[in-house]
Structure formats: C-alpha cells, structure tokens
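So the structure is just underneath, and the comments pick up after that.
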Amino acid sequence: MKNQVIKFILFLSLFSSACNDEILDIQPTDQLTDATVWSNAANAGLFLNDIYNSLNPGPQSTVFTNLPSEISNDPLDNFSDNSIGGSLAGIPSYVNFASGSYGPSTPIFPGHWDSMYKAIRKCNVFIENVSPADYDANVKKSYIAQARFLRAYFYKQLMNLYGGVPIITKSLNQSEDGESIFQARNSYEECVAFLQTECEEAATDLPLKVTAAEAGRVTKGAALALKGEAELYASKWEDAAATNLKIINLGAGYDLFADYAGLFYVANENNKEVIFDIQYAANVKPEVKEGYWNPVKTTDGTSFGSVNPTQDMVDTYEFLDGKTEAEGSALFDPSNPYANRDKRFAASIIYDGATWKGGVINTRLGIANNRNQLDESGSGGGTRTGYWLGKIIDPSIVPRVSAGQNSIIWRYADVLLNYAEAKNENTGPDQSIYDAINKLRTRGGLPNLTTGLTQDQMREKIRRERRVELFFEGKRLFDLWRWRIAEDVFSKPLSAMKITVVAGKLVYQKQPAGGAKVTFDKSKNYLMPIPAAVIAQNPKITQNPGY
C-alpha cells in the first residue's frame, strides 16, 4: 500500500508537467479531469489511493504523528485518565478539555468536521463514477466495496465525537442542487444502522486477505471490525457479539502476536494480529512521534516528553498473581512497586529505573541535571506524573528523525475484547468469554480469570483488561463516554508518583499530578460541540444539548 501512495504522487506529477507543443489534442496539465481520472480502472485506482491518504486514526492527525491528535503532541489518551500532557502550555487537553472551557466557537478538534466530510465527498464522487464505468466486474466490485468501507470509517469518526450526523451518499454541488445540499442530522441510531449495512455489504465483496504489496487495503476482517465496534459503541450487544465472533471464525489467520511491545514496531508491521492499519512511509507520509513522546532525554537524543502516563493507569496493571495493589496482591513490594507486574506494564510505561534505549531512565528527585525527573509544577519540562510513555514508540528510531510507522486501527485483541464485552452484556459470562480474555492475559503473563464470576464481576474484569490491553490506542475516552462513567472518573484529580531518596532508600509517594483535575459536565460533555461555523453555514444542523 505504501507503493500505492508513491504511485499516486507520481500520478500527480505527470499531470503537472509541461505540455508538448507537438501534441494537438491534449488534456489540461494543471488538473485531473473527469475524462482522465475515470477513463480506466488504473487511474480510478489512484483516486482511491488518495481517499486512503485521507485516513487518520482519530479526531485529527498531523503529518508529525499518527495517533489521534489535535496538535502534534497531544494524543487522545491525554483527554482521558490514562495520561496527561507533559507540558501545560497551549495543549487542548489541558487548556480546553480539562478546564471544561470549550464550546461551539472553541472546538477542541477544529478541522475535524470539515476534513471528514471532504473525505466522505471523495468517496461519493468515486462511487458515482466507478459504478457506471466499463471496468472489469471484479475490479469494480472491489473498488466500490473499499470506498464504502472508507466512507463508513469517516462517518464513524464523526459519530464518536458528535453522535448523529447528516448521512450524505451523493456528491453535492450547490450550483446544481441549490439549498438541498443543506441536510439535517440523522439520529445516532440511523447512523449506526447505516454503518451496519455498509460494512456488511462491503465485506461480501472484499478479500479475506491481501498480498504483501497490497498491505493496508481493506479486507473482510476490517469491514467487520468497523461494524463490530460501531455496534459495541451503540450498545447493540447481540449484534456486536455476533459480528466479532464472525471475525474470530473467519479463517483469515488472525492471532495474537507473541511480543506485545514489538507488534507496534516498524520491523513487525502488518503482522498476524493486525486487521487494519494506516500505512506510512518515510519521506512519503512520514511522522516523527518519537521526537514528541519519548522521555525528554534519551541516550540518542532529546524529545518533548508530551505524554505522561498517570499513576491511575499504573495502578490498573495487575501483578503476576492476578491482583492489583488495591486488591492485596502478595507480590506488591512497596519498596519496589514495579516488579512482578503484568508484562504489558513494562512494555507500555517507562518508570523510574527502567532501561530504555540502552540507558536507565530515572524520574526520582535528587539527581543533578536529570531532565526526566518529576516536575510537579508542570512548567519545567519534566514528567508531571513520574512516568513516560513506552508503548508504540519504536526504540530503534532516533528522536526527531522522520520515520514511517504504521498506525494500527484494529487488531485481533480488539476483536477478543469487543466480543467478550458484548457477549457478557447480552447473555452473561460463558466459557467463550473466559477463553477470549484469558488469551490476552496469557500473553501478559497473568493467570486465568477466576471461574464463577457474575455478570457484574466479569464486566469489571473486561473493562480493566480493555484499558490495559488498549492503552494509548485512542479508545479510552470513548469507553469512558459510552460507559457513562466519565463524571465519576474525573471527580478526583489524576495522580502521580513522587520518588525521593531518604537515608539511601527510595521512598514512593502517590500524590495528585500538577494541573490534572478534569472538569466534566455530565449534562453535555459526553459529546463534543458541533463547530459554530457548521451551524452558521447550515441552519438545519442542530447543536448538541448544553452547548
């Protein structure tokens, strides 16, 4: 798929080259005309590549990172209880979200609505032009199925933030359609039903697998993963369980990758756990997230340290006996609290004394000239929580050097978690739920779940497992919203770990993180405000309640 991106760029360059005066019948060279684009399947395929190029993994991404981000150093987990921004200056998760000071005129994700609808229009244009074209029948079916999936993906990004949005399935032109281009919002339920139909029908015309050269293109599994997540978010438990079980039984070869940390690294891209990812290539569609999210000082360079995992997140990781500190784990040692943890802990979070990039990272106080130490004020450039991010950052990449690391949207772990939650909510615990969750726990080095759990007890186990497994994959905030627990989670300050040296021994003290109190109004903040400019342009659009 990365090769397809390169081909698209070359395609553009051909049409911007100089004219040959000897050719009398020429196409305009400064634009892609309809006659040129749709004249054959190959050219249409390049247009489809451009739609893929519009993909992003969340509300808004820049070229610098490939995870949900409003600006390049403020990923979506910073808007949850998983992590906070390493600096208080100018970042939306602190300035706007945590303070509750956002509304229609100050949206947190300002370009999101427009960029999604621009991408949706591309899909509509593509489908309208390819449908009547005289291409090979199988090629045409594949193209249209891919475009329908991509359109559904863009709609899902809108629904995650705003609820119901206008469903538009034709390319609108005001000069031709007049005021009819302005459409009211469909209900959230109508949007979910639309996604279900689009994904199910697209899946029938999509391949089970693609070749290595086509990695990144949509498959049956990807279409069903989108459908299953949409159903899960809408609490359509029976549907979500059935869709995710279909993926489990699909026969596409999906399974967990043995190395939890390594499954996100460049060397292991497109591994057997990946169901759908966004393809990146250095110098084509690059990003430099290692320069934003590494600890401030590493053995091979400096970074901005823009993600600080919270103590709340650390406390979620069980010890190897299957219990947390709060649950009285016999393996918890107050003088060495990071030992004997779930393997996913050390693969995700850089803690005091951890080895990273061939050196030791210390966040404790009292070491001279230590730029990685705790910064309680949130203004000195250190960590506000006593932790740095390790997950998804490839240690082989030098900070601030352009690289191209794929962004995984859905992987097999998502499917196991989605199935387990939906099945439990629909029917209560059964062996299939234990099997799904225990598969994840085994990779983490944890014992199987205790048998005989009630539905409520299983729900809590699944939610904990989901938070740990999917940490820093941009899904925690949406979980807080759909479970309607954000007002409880944000009712107290998020916490940090302060480590000092007393009489030659380390002393660990949990405390509130500086500037880490989130103001959350349950009457309105479970949805983002629709930008005022959108409503001003389209009087049929109604604002979300409370804004």
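Just remember, in the structure tokens the first chain shown is A, the second B, etc., residues are 1-based per chain, and ligands are 1-based in the order shown.
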
Backbone DSSP call of helix (DSSP H, G or I) for stretch 26-196 of chain A, listed as a VMD selection string = chain A and resid 34 to 37 41 to 52 76 to 79 92 to 98 112 to 130 137 to 162 174 to 181 188 to 196

Within 10 Å of A:Tyr188, counting only C-alpha atoms, which residues show up once you throw out same-chain ones fewer than 4 positions away? Write them as a ChimeraX atom specification, please.
-> /A:159-160,162-166,192-194,234

Mind checking DSSP for stretch 265-420 of chain A and telling me the strand (DSSP E or B) residues as a ChimeraX atom specification?
-> /A:274-278,281,285,287,297-298,301-302,307-309,319,341,349-350,354-356,359-361,374,383,388-389,403,407-411

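Of the residues listed (A:Leu161, A:Leu232, A:Ile84, A:Val307), A:Leu161 shows the shortest atom-to-atom separation from A:Pro107; distances use only C-alpha atoms.
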
Contacts of A:Gly291 within 12 Å, only C-alpha atoms, excl. fewer than 3 positions in-chain, as a PyMOL selection string | chain A and resi 64-65+72-73+287-288+294-298+300-307+389+393-395+397-403

Write out as JSON lines a residue-level contact list of stretch 194-291 of chain A versus stretch 336-346 of chain A with cut-off 10 Å: for each qualifying residue the closest pair of atoms and the distance in Å to one decimal, counting only C-alpha atoms, rows sorted by chain and residue number upward.
```
{"residue": "A:Asp259", "atom": "CA", "partner": "A:Arg344", "partner_atom": "CA", "distance": 9.7}
{"residue": "A:Tyr260", "atom": "CA", "partner": "A:Arg344", "partner_atom": "CA", "distance": 6.8}
{"residue": "A:Ala261", "atom": "CA", "partner": "A:Arg344", "partner_atom": "CA", "distance": 7.5}
```

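Nearest to A:Ser80 of all the residues A:Thr310, A:Ser329, A:Asn544, A:Ser131 is A:Thr310, based on only C-alpha atoms.
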